[in-house]
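Trainee: Sharing entry.cif (mmCIF, N, CA and C atoms) below.
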data_final
loop_
_atom_site.label_atom_id
_atom_site.label_comp_id
_atom_site.auth_asym_id
_atom_site.auth_seq_id
_atom_site.Cartn_x
_atom_site.Cartn_y
_atom_site.Cartn_z
N GLN Q 1 13.25 21.23 147.60
CA GLN Q 1 12.16 21.96 148.21
C GLN Q 1 10.86 21.64 147.46
N VAL Q 2 9.86 21.25 148.20
CA VAL Q 2 8.58 20.91 147.60
C VAL Q 2 7.80 22.19 147.32
N GLN Q 3 7.20 22.25 146.16
CA GLN Q 3 6.33 23.38 145.82
C GLN Q 3 4.93 22.86 145.52
N LEU Q 4 3.95 23.59 146.02
CA LEU Q 4 2.56 23.26 145.75
C LEU Q 4 1.94 24.40 144.96
N VAL Q 5 1.20 24.05 143.94
CA VAL Q 5 0.54 25.07 143.12
C VAL Q 5 -0.94 24.73 143.03
N GLU Q 6 -1.76 25.63 143.57
CA GLU Q 6 -3.21 25.46 143.46
C GLU Q 6 -3.72 26.12 142.18
N SER Q 7 -4.77 25.58 141.65
CA SER Q 7 -5.41 26.17 140.48
C SER Q 7 -6.89 25.81 140.48
N GLY Q 8 -7.63 26.45 139.61
CA GLY Q 8 -9.04 26.14 139.46
C GLY Q 8 -9.98 27.11 140.12
N GLY Q 9 -9.45 28.09 140.83
CA GLY Q 9 -10.30 29.07 141.46
C GLY Q 9 -10.91 30.02 140.44
N GLY Q 10 -11.79 30.88 140.92
CA GLY Q 10 -12.44 31.84 140.05
C GLY Q 10 -13.74 32.31 140.66
N ALA Q 11 -14.64 32.77 139.81
CA ALA Q 11 -15.92 33.28 140.26
C ALA Q 11 -17.06 32.48 139.64
N VAL Q 12 -18.01 32.10 140.46
CA VAL Q 12 -19.20 31.41 139.98
C VAL Q 12 -20.41 31.94 140.73
N GLN Q 13 -21.58 31.65 140.19
CA GLN Q 13 -22.81 32.05 140.86
C GLN Q 13 -23.20 31.05 141.93
N PRO Q 14 -23.99 31.47 142.88
CA PRO Q 14 -24.48 30.52 143.90
C PRO Q 14 -25.14 29.32 143.23
N GLY Q 15 -24.85 28.15 143.79
CA GLY Q 15 -25.34 26.91 143.21
C GLY Q 15 -24.41 26.29 142.20
N GLY Q 16 -23.38 27.02 141.84
CA GLY Q 16 -22.44 26.52 140.84
C GLY Q 16 -21.44 25.54 141.42
N SER Q 17 -20.55 25.06 140.56
CA SER Q 17 -19.55 24.08 140.95
C SER Q 17 -18.17 24.56 140.54
N MET Q 18 -17.17 24.00 141.19
CA MET Q 18 -15.80 24.36 140.89
C MET Q 18 -14.90 23.22 141.34
N ARG Q 19 -13.81 23.02 140.62
CA ARG Q 19 -12.85 21.99 140.99
C ARG Q 19 -11.49 22.63 141.19
N LEU Q 20 -10.97 22.51 142.39
CA LEU Q 20 -9.64 23.01 142.70
C LEU Q 20 -8.63 21.88 142.57
N SER Q 21 -7.46 22.23 142.08
CA SER Q 21 -6.37 21.27 141.94
C SER Q 21 -5.16 21.75 142.73
N CYS Q 22 -4.39 20.80 143.19
CA CYS Q 22 -3.15 21.09 143.92
C CYS Q 22 -2.08 20.18 143.35
N ALA Q 23 -1.10 20.76 142.70
CA ALA Q 23 -0.03 19.99 142.07
C ALA Q 23 1.24 20.15 142.89
N ALA Q 24 1.89 19.03 143.19
CA ALA Q 24 3.10 19.05 144.01
C ALA Q 24 4.32 18.65 143.20
N SER Q 25 5.41 19.31 143.47
CA SER Q 25 6.69 18.91 142.86
C SER Q 25 7.37 17.88 143.75
N GLY Q 26 8.40 17.27 143.24
CA GLY Q 26 9.15 16.31 144.03
C GLY Q 26 8.49 14.95 144.07
N ASN Q 27 8.99 14.10 144.96
CA ASN Q 27 8.51 12.72 144.99
C ASN Q 27 8.06 12.28 146.38
N ILE Q 28 7.59 13.26 147.19
CA ILE Q 28 7.17 12.94 148.55
C ILE Q 28 5.66 12.91 148.71
N PHE Q 29 4.95 13.25 147.65
CA PHE Q 29 3.50 13.49 147.76
C PHE Q 29 2.77 12.33 148.42
N SER Q 30 3.08 11.13 148.02
CA SER Q 30 2.33 9.97 148.53
C SER Q 30 2.60 9.70 150.01
N ASP Q 31 3.64 10.31 150.57
CA ASP Q 31 3.98 10.11 151.98
C ASP Q 31 3.26 11.07 152.91
N TYR Q 32 2.50 11.99 152.34
CA TYR Q 32 1.85 13.03 153.13
C TYR Q 32 0.34 13.00 152.97
N ALA Q 33 -0.33 13.35 154.06
CA ALA Q 33 -1.76 13.65 153.94
C ALA Q 33 -1.91 15.00 153.24
N VAL Q 34 -3.07 15.23 152.68
CA VAL Q 34 -3.34 16.49 151.99
C VAL Q 34 -4.58 17.11 152.59
N ALA Q 35 -4.51 18.39 152.83
CA ALA Q 35 -5.66 19.10 153.37
C ALA Q 35 -5.91 20.37 152.57
N TRP Q 36 -7.17 20.71 152.49
CA TRP Q 36 -7.56 22.01 151.93
C TRP Q 36 -8.05 22.88 153.08
N TYR Q 37 -7.52 24.09 153.14
CA TYR Q 37 -7.92 25.08 154.13
C TYR Q 37 -8.47 26.30 153.39
N ARG Q 38 -9.20 27.12 154.12
CA ARG Q 38 -9.63 28.40 153.55
C ARG Q 38 -9.51 29.48 154.61
N GLN Q 39 -9.32 30.69 154.12
CA GLN Q 39 -9.12 31.84 155.02
C GLN Q 39 -10.47 32.32 155.54
N THR Q 40 -10.54 32.56 156.86
CA THR Q 40 -11.76 33.06 157.46
C THR Q 40 -11.72 34.59 157.50
N PRO Q 41 -12.88 35.24 157.74
CA PRO Q 41 -12.88 36.71 157.87
C PRO Q 41 -11.97 37.19 159.00
N ALA Q 42 -11.72 36.33 159.98
CA ALA Q 42 -10.80 36.68 161.07
C ALA Q 42 -9.35 36.41 160.69
N ASN Q 43 -9.14 36.14 159.40
CA ASN Q 43 -7.78 35.95 158.87
C ASN Q 43 -7.08 34.72 159.46
N GLN Q 44 -7.86 33.71 159.73
CA GLN Q 44 -7.30 32.43 160.15
C GLN Q 44 -7.62 31.40 159.09
N ARG Q 45 -6.89 30.33 159.10
CA ARG Q 45 -7.14 29.26 158.13
C ARG Q 45 -7.91 28.16 158.81
N GLU Q 46 -9.03 27.80 158.20
CA GLU Q 46 -9.84 26.73 158.76
C GLU Q 46 -9.79 25.51 157.84
N LEU Q 47 -9.77 24.36 158.46
CA LEU Q 47 -9.74 23.12 157.70
C LEU Q 47 -11.07 22.91 156.99
N VAL Q 48 -10.99 22.61 155.71
CA VAL Q 48 -12.17 22.32 154.92
C VAL Q 48 -12.31 20.81 154.71
N ALA Q 49 -11.23 20.19 154.28
CA ALA Q 49 -11.26 18.75 154.01
C ALA Q 49 -9.85 18.19 154.11
N HIS Q 50 -9.77 16.90 154.43
CA HIS Q 50 -8.48 16.24 154.65
C HIS Q 50 -8.56 14.84 154.05
N ILE Q 51 -7.47 14.44 153.42
CA ILE Q 51 -7.39 13.06 152.92
C ILE Q 51 -6.06 12.47 153.36
N GLY Q 52 -6.13 11.30 153.98
CA GLY Q 52 -4.92 10.67 154.48
C GLY Q 52 -4.15 9.95 153.38
N THR Q 53 -3.01 9.42 153.75
CA THR Q 53 -2.21 8.65 152.79
C THR Q 53 -2.94 7.38 152.37
N ASP Q 54 -3.86 6.94 153.22
CA ASP Q 54 -4.63 5.73 152.91
C ASP Q 54 -5.93 6.03 152.18
N GLY Q 55 -6.16 7.31 151.90
CA GLY Q 55 -7.37 7.69 151.19
C GLY Q 55 -8.55 8.00 152.10
N SER Q 56 -8.38 7.85 153.39
CA SER Q 56 -9.47 8.19 154.30
C SER Q 56 -9.71 9.69 154.30
N THR Q 57 -10.95 10.09 154.45
CA THR Q 57 -11.29 11.51 154.34
C THR Q 57 -12.04 12.01 155.56
N LEU Q 58 -11.93 13.30 155.78
CA LEU Q 58 -12.78 13.95 156.77
C LEU Q 58 -13.05 15.36 156.29
N TYR Q 59 -14.15 15.92 156.78
CA TYR Q 59 -14.61 17.23 156.32
C TYR Q 59 -14.94 18.13 157.50
N LYS Q 60 -14.95 19.41 157.23
CA LYS Q 60 -15.16 20.43 158.27
C LYS Q 60 -16.46 20.18 159.03
N ASP Q 61 -17.55 19.95 158.31
CA ASP Q 61 -18.85 19.73 158.93
C ASP Q 61 -19.77 19.04 157.93
N SER Q 62 -20.99 18.82 158.31
CA SER Q 62 -21.91 18.07 157.46
C SER Q 62 -22.27 18.82 156.19
N SER Q 63 -22.31 20.15 156.27
CA SER Q 63 -22.63 20.94 155.08
C SER Q 63 -21.53 20.79 154.02
N ILE Q 64 -20.29 20.88 154.47
CA ILE Q 64 -19.16 20.71 153.56
C ILE Q 64 -19.14 19.28 153.02
N LYS Q 65 -19.36 18.33 153.90
CA LYS Q 65 -19.31 16.93 153.48
C LYS Q 65 -20.34 16.60 152.42
N SER Q 66 -21.48 17.26 152.49
CA SER Q 66 -22.55 16.98 151.52
C SER Q 66 -22.29 17.66 150.18
N ARG Q 67 -21.39 18.61 150.12
CA ARG Q 67 -21.19 19.39 148.90
C ARG Q 67 -19.79 19.27 148.30
N PHE Q 68 -18.81 18.96 149.11
CA PHE Q 68 -17.42 18.93 148.65
C PHE Q 68 -16.88 17.49 148.67
N THR Q 69 -15.96 17.21 147.75
CA THR Q 69 -15.28 15.92 147.72
C THR Q 69 -13.79 16.14 147.54
N ILE Q 70 -13.00 15.61 148.47
CA ILE Q 70 -11.55 15.68 148.35
C ILE Q 70 -11.05 14.36 147.79
N SER Q 71 -10.05 14.45 146.94
CA SER Q 71 -9.47 13.23 146.37
C SER Q 71 -7.99 13.47 146.09
N ARG Q 72 -7.29 12.42 145.76
CA ARG Q 72 -5.87 12.54 145.45
C ARG Q 72 -5.51 11.52 144.38
N ASP Q 73 -4.48 11.86 143.63
CA ASP Q 73 -3.95 10.97 142.60
C ASP Q 73 -2.43 10.94 142.79
N ASN Q 74 -1.96 9.94 143.49
CA ASN Q 74 -0.54 9.88 143.82
C ASN Q 74 0.33 9.74 142.56
N ALA Q 75 -0.19 9.10 141.55
CA ALA Q 75 0.58 8.93 140.31
C ALA Q 75 0.87 10.27 139.64
N LYS Q 76 -0.04 11.23 139.88
CA LYS Q 76 0.12 12.56 139.29
C LYS Q 76 0.59 13.60 140.30
N ASN Q 77 0.89 13.16 141.53
CA ASN Q 77 1.29 14.11 142.58
C ASN Q 77 0.29 15.25 142.70
N ALA Q 78 -0.98 14.90 142.72
CA ALA Q 78 -2.01 15.93 142.71
C ALA Q 78 -3.16 15.58 143.65
N ALA Q 79 -3.78 16.62 144.14
CA ALA Q 79 -4.99 16.49 144.96
C ALA Q 79 -6.05 17.43 144.41
N PHE Q 80 -7.29 17.13 144.75
CA PHE Q 80 -8.40 17.88 144.18
C PHE Q 80 -9.46 18.15 145.23
N LEU Q 81 -10.18 19.22 145.01
CA LEU Q 81 -11.34 19.51 145.85
C LEU Q 81 -12.49 19.86 144.91
N GLU Q 82 -13.42 18.94 144.80
CA GLU Q 82 -14.61 19.15 143.97
C GLU Q 82 -15.66 19.80 144.84
N MET Q 83 -16.13 20.96 144.40
CA MET Q 83 -17.09 21.72 145.19
C MET Q 83 -18.37 21.92 144.39
N THR Q 84 -19.48 21.56 144.97
CA THR Q 84 -20.77 21.72 144.31
C THR Q 84 -21.71 22.55 145.17
N ASN Q 85 -22.80 23.01 144.56
CA ASN Q 85 -23.81 23.81 145.28
C ASN Q 85 -23.13 24.90 146.12
N LEU Q 86 -22.26 25.63 145.49
CA LEU Q 86 -21.49 26.65 146.21
C LEU Q 86 -22.37 27.78 146.71
N MET Q 87 -22.00 28.28 147.87
CA MET Q 87 -22.76 29.33 148.54
C MET Q 87 -21.86 30.56 148.73
N PRO Q 88 -22.46 31.73 148.89
CA PRO Q 88 -21.63 32.92 149.12
C PRO Q 88 -20.67 32.76 150.30
N GLY Q 89 -21.09 32.00 151.31
CA GLY Q 89 -20.23 31.77 152.47
C GLY Q 89 -19.00 30.94 152.17
N ASP Q 90 -18.94 30.33 150.99
CA ASP Q 90 -17.77 29.57 150.58
C ASP Q 90 -16.69 30.47 149.96
N THR Q 91 -17.02 31.73 149.76
CA THR Q 91 -16.05 32.67 149.20
C THR Q 91 -14.84 32.78 150.12
N SER Q 92 -13.68 32.57 149.58
CA SER Q 92 -12.46 32.62 150.39
C SER Q 92 -11.25 32.34 149.49
N VAL Q 93 -10.09 32.45 150.09
CA VAL Q 93 -8.87 31.94 149.46
C VAL Q 93 -8.66 30.52 149.99
N TYR Q 94 -8.50 29.59 149.08
CA TYR Q 94 -8.33 28.18 149.43
C TYR Q 94 -6.87 27.78 149.28
N TYR Q 95 -6.38 27.08 150.29
CA TYR Q 95 -4.98 26.67 150.32
C TYR Q 95 -4.88 25.15 150.41
N CYS Q 96 -3.88 24.64 149.74
CA CYS Q 96 -3.55 23.23 149.82
C CYS Q 96 -2.37 23.07 150.79
N HIS Q 97 -2.39 22.01 151.57
CA HIS Q 97 -1.32 21.78 152.55
C HIS Q 97 -0.96 20.31 152.58
N LEU Q 98 0.29 20.02 152.40
CA LEU Q 98 0.80 18.66 152.63
C LEU Q 98 1.19 18.57 154.09
N GLU Q 99 0.69 17.56 154.78
CA GLU Q 99 0.96 17.52 156.20
C GLU Q 99 1.27 16.12 156.71
N ARG Q 100 2.12 16.12 157.72
CA ARG Q 100 2.51 14.88 158.38
C ARG Q 100 2.79 15.22 159.82
N SER Q 101 2.43 14.36 160.71
CA SER Q 101 2.56 14.61 162.14
C SER Q 101 3.98 15.01 162.51
N GLY Q 102 4.12 16.08 163.27
CA GLY Q 102 5.43 16.51 163.74
C GLY Q 102 6.20 17.39 162.78
N GLU Q 103 5.60 17.67 161.64
CA GLU Q 103 6.28 18.49 160.64
C GLU Q 103 5.42 19.70 160.28
N PRO Q 104 6.04 20.81 159.88
CA PRO Q 104 5.25 21.99 159.48
C PRO Q 104 4.51 21.78 158.17
N GLY Q 105 5.01 20.89 157.34
CA GLY Q 105 4.36 20.63 156.07
C GLY Q 105 4.67 21.68 155.03
N TYR Q 106 3.88 21.64 153.98
CA TYR Q 106 4.11 22.54 152.84
C TYR Q 106 2.78 23.18 152.44
N TRP Q 107 2.86 24.51 152.17
CA TRP Q 107 1.68 25.26 151.77
C TRP Q 107 1.79 25.71 150.33
N GLY Q 108 0.65 25.78 149.67
CA GLY Q 108 0.58 26.43 148.38
C GLY Q 108 0.33 27.92 148.56
N GLN Q 109 0.24 28.63 147.44
CA GLN Q 109 0.09 30.08 147.50
C GLN Q 109 -1.37 30.51 147.63
N GLY Q 110 -2.28 29.58 147.43
CA GLY Q 110 -3.70 29.89 147.56
C GLY Q 110 -4.35 30.22 146.24
N THR Q 111 -5.63 29.96 146.17
CA THR Q 111 -6.41 30.31 144.98
C THR Q 111 -7.74 30.91 145.43
N GLN Q 112 -8.13 32.01 144.81
CA GLN Q 112 -9.33 32.73 145.21
C GLN Q 112 -10.57 32.07 144.63
N VAL Q 113 -11.55 31.85 145.50
CA VAL Q 113 -12.86 31.34 145.10
C VAL Q 113 -13.90 32.37 145.49
N THR Q 114 -14.67 32.83 144.52
CA THR Q 114 -15.67 33.87 144.78
C THR Q 114 -17.03 33.38 144.31
N ILE Q 115 -17.98 33.42 145.22
CA ILE Q 115 -19.35 33.01 144.91
C ILE Q 115 -20.23 34.25 144.99
N SER Q 116 -20.74 34.64 143.86
CA SER Q 116 -21.52 35.88 143.83
C SER Q 116 -22.46 35.87 142.64
N SER Q 117 -23.64 36.44 142.85
CA SER Q 117 -24.59 36.57 141.75
C SER Q 117 -24.42 37.92 141.05
#
What would you get if you wrote out this structure as structure tokens?

Mentor:
Amino acid sequence: QVQLVESGGGAVQPGGSMRLSCAASGNIFSDYAVAWYRQTPANQRELVAHIGTDGSTLYKDSSIKSRFTISRDNAKNAAFLEMTNLMPGDTSVYYCHLERSGEPGYWGQGTQVTISS
């Protein structure tokens, strides 16, 4: 059973930066795309950023793309979300997801990110 553990969350002031990490157990990591989601006020998970097995990336929108960077290190079975110029609207629980077409994938437990002055 694959386990994902997110870390790096916490509280920062607006304009600050934060780096989230997602560590995976097992040896399937390189076979899956990795995505970061966050919980919306409507209690749904919205896609923030995605990185394919080939390293290709996509982001939720232009604001996220200009401030966030998703990356992966297959040798370490880990993925990262570098977040800069954080805004109060970025406050949420962030989840890591390993995903592959036709499969439910694997979720982490989430990490809280709070942006507040």

Trainee: Please provide the set of residues having any atom within 7 Å of Val48 (chain Q), restricted to only C-alpha atoms, with same-chain residues fewer than 2 positions apart removed, written as a PyMOL selection string.

Mentor: chain Q and resi 36-38+46+59-60

Trainee: Write out as a PyMOL selection string each polymer residue whose atoms come within 7 Å of Ser116 (chain Q), counting all atoms listed in the file; drop sequence neighbours fewer than 6 positions from it.

Mentor: chain Q and resi 11-14+87-88

Trainee: Please report the interatomic distance between CA of Ala49 (chain Q) and atom N of Phe80 (chain Q) in Å with one decimal.

Mentor: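 Computed distance, CA of Ala49 (chain Q) to atom N of Phe80 (chain Q), equals 10.2 Å.
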
Trainee: Please enclose the listed atoms of region 87-104 of chain Q in an axis-aligned box, pad each side by 5 Å, and write out the centre and the three edge lengths in Å, rounded to one decimal, as AutoDock Vina command-line options.

Mentor:
--center_x -8.2 --center_y 23.6 --center_z 155.8 --size_x 39.0 --size_y 28.6 --size_z 25.9

Trainee: Would you mind writing down, as a tab-separated table (two decimals) with N, CA and C atoms, in the frame of the given file, each residue of chain Q that DSSP on the backbone assigns to strand (DSSP E)?

Mentor:
chain	number	residue	atom	x	y	z
Q	4	LEU	N	3.95	23.59	146.02
Q	4	LEU	CA	2.56	23.26	145.75
Q	4	LEU	C	1.94	24.40	144.96
Q	5	VAL	N	1.20	24.05	143.94
Q	5	VAL	CA	0.54	25.07	143.12
Q	5	VAL	C	-0.94	24.73	143.03
Q	6	GLU	N	-1.76	25.63	143.57
Q	6	GLU	CA	-3.21	25.46	143.46
Q	6	GLU	C	-3.72	26.12	142.18
Q	7	SER	N	-4.77	25.58	141.65
Q	7	SER	CA	-5.41	26.17	140.48
Q	7	SER	C	-6.89	25.81	140.48
Q	10	GLY	N	-11.79	30.88	140.92
Q	10	GLY	CA	-12.44	31.84	140.05
Q	10	GLY	C	-13.74	32.31	140.66
Q	11	ALA	N	-14.64	32.77	139.81
Q	11	ALA	CA	-15.92	33.28	140.26
Q	11	ALA	C	-17.06	32.48	139.64
Q	12	VAL	N	-18.01	32.10	140.46
Q	12	VAL	CA	-19.20	31.41	139.98
Q	12	VAL	C	-20.41	31.94	140.73
Q	18	MET	N	-17.17	24.00	141.19
Q	18	MET	CA	-15.80	24.36	140.89
Q	18	MET	C	-14.90	23.22	141.34
Q	19	ARG	N	-13.81	23.02	140.62
Q	19	ARG	CA	-12.85	21.99	140.99
Q	19	ARG	C	-11.49	22.63	141.19
Q	20	LEU	N	-10.97	22.51	142.39
Q	20	LEU	CA	-9.64	23.01	142.70
Q	20	LEU	C	-8.63	21.88	142.57
Q	21	SER	N	-7.46	22.23	142.08
Q	21	SER	CA	-6.37	21.27	141.94
Q	21	SER	C	-5.16	21.75	142.73
Q	22	CYS	N	-4.39	20.80	143.19
Q	22	CYS	CA	-3.15	21.09	143.92
Q	22	CYS	C	-2.08	20.18	143.35
Q	23	ALA	N	-1.10	20.76	142.70
Q	23	ALA	CA	-0.03	19.99	142.07
Q	23	ALA	C	1.24	20.15	142.89
Q	24	ALA	N	1.89	19.03	143.19
Q	24	ALA	CA	3.10	19.05	144.01
Q	24	ALA	C	4.32	18.65	143.20
Q	33	ALA	N	-0.33	13.35	154.06
Q	33	ALA	CA	-1.76	13.65	153.94
Q	33	ALA	C	-1.91	15.00	153.24
Q	34	VAL	N	-3.07	15.23	152.68
Q	34	VAL	CA	-3.34	16.49	151.99
Q	34	VAL	C	-4.58	17.11	152.59
Q	35	ALA	N	-4.51	18.39	152.83
Q	35	ALA	CA	-5.66	19.10	153.37
Q	35	ALA	C	-5.91	20.37	152.57
Q	36	TRP	N	-7.17	20.71	152.49
Q	36	TRP	CA	-7.56	22.01	151.93
Q	36	TRP	C	-8.05	22.88	153.08
Q	37	TYR	N	-7.52	24.09	153.14
Q	37	TYR	CA	-7.92	25.08	154.13
Q	37	TYR	C	-8.47	26.30	153.39
Q	38	ARG	N	-9.20	27.12	154.12
Q	38	ARG	CA	-9.63	28.40	153.55
Q	38	ARG	C	-9.51	29.48	154.61
Q	39	GLN	N	-9.32	30.69	154.12
Q	39	GLN	CA	-9.12	31.84	155.02
Q	39	GLN	C	-10.47	32.32	155.54
Q	45	ARG	N	-6.89	30.33	159.10
Q	45	ARG	CA	-7.14	29.26	158.13
Q	45	ARG	C	-7.91	28.16	158.81
Q	46	GLU	N	-9.03	27.80	158.20
Q	46	GLU	CA	-9.84	26.73	158.76
Q	46	GLU	C	-9.79	25.51	157.84
Q	47	LEU	N	-9.77	24.36	158.46
Q	47	LEU	CA	-9.74	23.12	157.70
Q	47	LEU	C	-11.07	22.91	156.99
Q	48	VAL	N	-10.99	22.61	155.71
Q	48	VAL	CA	-12.17	22.32	154.92
Q	48	VAL	C	-12.31	20.81	154.71
Q	49	ALA	N	-11.23	20.19	154.28
Q	49	ALA	CA	-11.26	18.75	154.01
Q	49	ALA	C	-9.85	18.19	154.11
Q	50	HIS	N	-9.77	16.90	154.43
Q	50	HIS	CA	-8.48	16.24	154.65
Q	50	HIS	C	-8.56	14.84	154.05
Q	51	ILE	N	-7.47	14.44	153.42
Q	51	ILE	CA	-7.39	13.06	152.92
Q	51	ILE	C	-6.06	12.47	153.36
Q	57	THR	N	-10.95	10.09	154.45
Q	57	THR	CA	-11.29	11.51	154.34
Q	57	THR	C	-12.04	12.01	155.56
Q	58	LEU	N	-11.93	13.30	155.78
Q	58	LEU	CA	-12.78	13.95	156.77
Q	58	LEU	C	-13.05	15.36	156.29
Q	59	TYR	N	-14.15	15.92	156.78
Q	59	TYR	CA	-14.61	17.23	156.32
Q	59	TYR	C	-14.94	18.13	157.50
Q	68	PHE	N	-18.81	18.96	149.11
Q	68	PHE	CA	-17.42	18.93	148.65
Q	68	PHE	C	-16.88	17.49	148.67
Q	69	THR	N	-15.96	17.21	147.75
Q	69	THR	CA	-15.28	15.92	147.72
Q	69	THR	C	-13.79	16.14	147.54
Q	70	ILE	N	-13.00	15.61	148.47
Q	70	ILE	CA	-11.55	15.68	148.35
Q	70	ILE	C	-11.05	14.36	147.79
Q	71	SER	N	-10.05	14.45	146.94
Q	71	SER	CA	-9.47	13.23	146.37
Q	71	SER	C	-7.99	13.47	146.09
Q	72	ARG	N	-7.29	12.42	145.76
Q	72	ARG	CA	-5.87	12.54	145.45
Q	72	ARG	C	-5.51	11.52	144.38
Q	73	ASP	N	-4.48	11.86	143.63
Q	73	ASP	CA	-3.95	10.97	142.60
Q	73	ASP	C	-2.43	10.94	142.79
Q	78	ALA	N	-0.98	14.90	142.72
Q	78	ALA	CA	-2.01	15.93	142.71
Q	78	ALA	C	-3.16	15.58	143.65
Q	79	ALA	N	-3.78	16.62	144.14
Q	79	ALA	CA	-4.99	16.49	144.96
Q	79	ALA	C	-6.05	17.43	144.41
Q	80	PHE	N	-7.29	17.13	144.75
Q	80	PHE	CA	-8.40	17.88	144.18
Q	80	PHE	C	-9.46	18.15	145.23
Q	81	LEU	N	-10.18	19.22	145.01
Q	81	LEU	CA	-11.34	19.51	145.85
Q	81	LEU	C	-12.49	19.86	144.91
Q	82	GLU	N	-13.42	18.94	144.80
Q	82	GLU	CA	-14.61	19.15	143.97
Q	82	GLU	C	-15.66	19.80	144.84
Q	83	MET	N	-16.13	20.96	144.40
Q	83	MET	CA	-17.09	21.72	145.19
Q	83	MET	C	-18.37	21.92	144.39
Q	92	SER	N	-13.68	32.57	149.58
Q	92	SER	CA	-12.46	32.62	150.39
Q	92	SER	C	-11.25	32.34	149.49
Q	93	VAL	N	-10.09	32.45	150.09
Q	93	VAL	CA	-8.87	31.94	149.46
Q	93	VAL	C	-8.66	30.52	149.99
Q	94	TYR	N	-8.50	29.59	149.08
Q	94	TYR	CA	-8.33	28.18	149.43
Q	94	TYR	C	-6.87	27.78	149.28
Q	95	TYR	N	-6.38	27.08	150.29
Q	95	TYR	CA	-4.98	26.67	150.32
Q	95	TYR	C	-4.88	25.15	150.41
Q	96	CYS	N	-3.88	24.64	149.74
Q	96	CYS	CA	-3.55	23.23	149.82
Q	96	CYS	C	-2.37	23.07	150.79
Q	97	HIS	N	-2.39	22.01	151.57
Q	97	HIS	CA	-1.32	21.78	152.55
Q	97	HIS	C	-0.96	20.31	152.58
Q	98	LEU	N	0.29	20.02	152.40
Q	98	LEU	CA	0.80	18.66	152.63
Q	98	LEU	C	1.19	18.57	154.09
Q	99	GLU	N	0.69	17.56	154.78
Q	99	GLU	CA	0.96	17.52	156.20
Q	99	GLU	C	1.27	16.12	156.71
Q	106	TYR	N	3.88	21.64	153.98
Q	106	TYR	CA	4.11	22.54	152.84
Q	106	TYR	C	2.78	23.18	152.44
Q	107	TRP	N	2.86	24.51	152.17
Q	107	TRP	CA	1.68	25.26	151.77
Q	107	TRP	C	1.79	25.71	150.33
Q	111	THR	N	-5.63	29.96	146.17
Q	111	THR	CA	-6.41	30.31	144.98
Q	111	THR	C	-7.74	30.91	145.43
Q	112	GLN	N	-8.13	32.01	144.81
Q	112	GLN	CA	-9.33	32.73	145.21
Q	112	GLN	C	-10.57	32.07	144.63
Q	113	VAL	N	-11.55	31.85	145.50
Q	113	VAL	CA	-12.86	31.34	145.10
Q	113	VAL	C	-13.90	32.37	145.49
Q	114	THR	N	-14.67	32.83	144.52
Q	114	THR	CA	-15.67	33.87	144.78
Q	114	THR	C	-17.03	33.38	144.31
Q	115	ILE	N	-17.98	33.42	145.22
Q	115	ILE	CA	-19.35	33.01	144.91
Q	115	ILE	C	-20.23	34.25	144.99

Trainee: Could you write out as a list in words the residues that the PyMOL selection byres ((chain Q and resi 69) around 7) matches in the shown file?

Mentor: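 Output of the PyMOL selection byres ((chain Q and resi 69) around 7): Ile64, Lys65, Ser66, Arg67, Phe68, Ile70, Ser71, Phe80, Leu81, Glu82, Met83 and Thr84 of chain Q.
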
Trainee: Could you tell me how far atom C of Thr91 (chain Q) lies from atom N of Glu6 (chain Q), in Å and to one decimal?

Mentor: 16.3 Å

Trainee: Taking only C-alpha atoms into account, which of Q:Gly26, Q:Gly89, Q:Gly108, Q:Gly102 comes nearest Thr40 (chain Q)?

Mentor: Q:Gly89

Trainee: What is the CA of Asn77 (chain Q) to CA of Ser25 (chain Q) distance in Å?

Mentor: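 Between CA of Asn77 (chain Q) and CA of Ser25 (chain Q) the gap is 7.2 Å.
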
Trainee: Find the spatial neighbours of Thr111 (chain Q), counting all atoms listed in the file, within a cut-off of 7 Å - ignore same-chain residues fewer than 6 positions away - and output them as a list in words.

Mentor: Glu6, Ser7, Gly8, Gly9, Gly10, Ser92, Val93, Tyr94, Tyr95 and Cys96 of chain Q

Trainee: May I have the residues within 6 Å of Val34 (chain Q) as a VMD selection string, using only N, CA and C atoms and disregarding those fewer than 5 positions away in the same chain?

Mentor: chain Q and resid 49 to 53 97 to 99

Trainee: Could you spell out the hits of the PyMOL selection byres (((chain Q and resi 4 and name CA) around 7) and name CA) on the shown file, as JSON, numbers by chain?

Mentor: {"Q": [2, 3, 5, 6, 22, 23, 24, 25, 107, 108]}

Trainee: If you run DSSP on the backbone, which residues of chain Q are alpha helix (DSSP H), as a PyMOL selection string?

Mentor: chain Q and resi 62-67

Trainee: Which of these, Q:Ala79, Q:Asp54, Q:Pro41, Q:Asp61, has the shortest distance to Leu20 (chain Q) once you count all atoms listed in the file?

Mentor: Q:Ala79

Trainee: Quick one: of Q:Gln112, Q:Leu86, Q:Ser117, Q:Glu103, who's nearest to Gly16 (chain Q), counting all atoms listed in the file?

Mentor: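 Answer, going by the shortest atom-to-atom distance: Q:Leu86.
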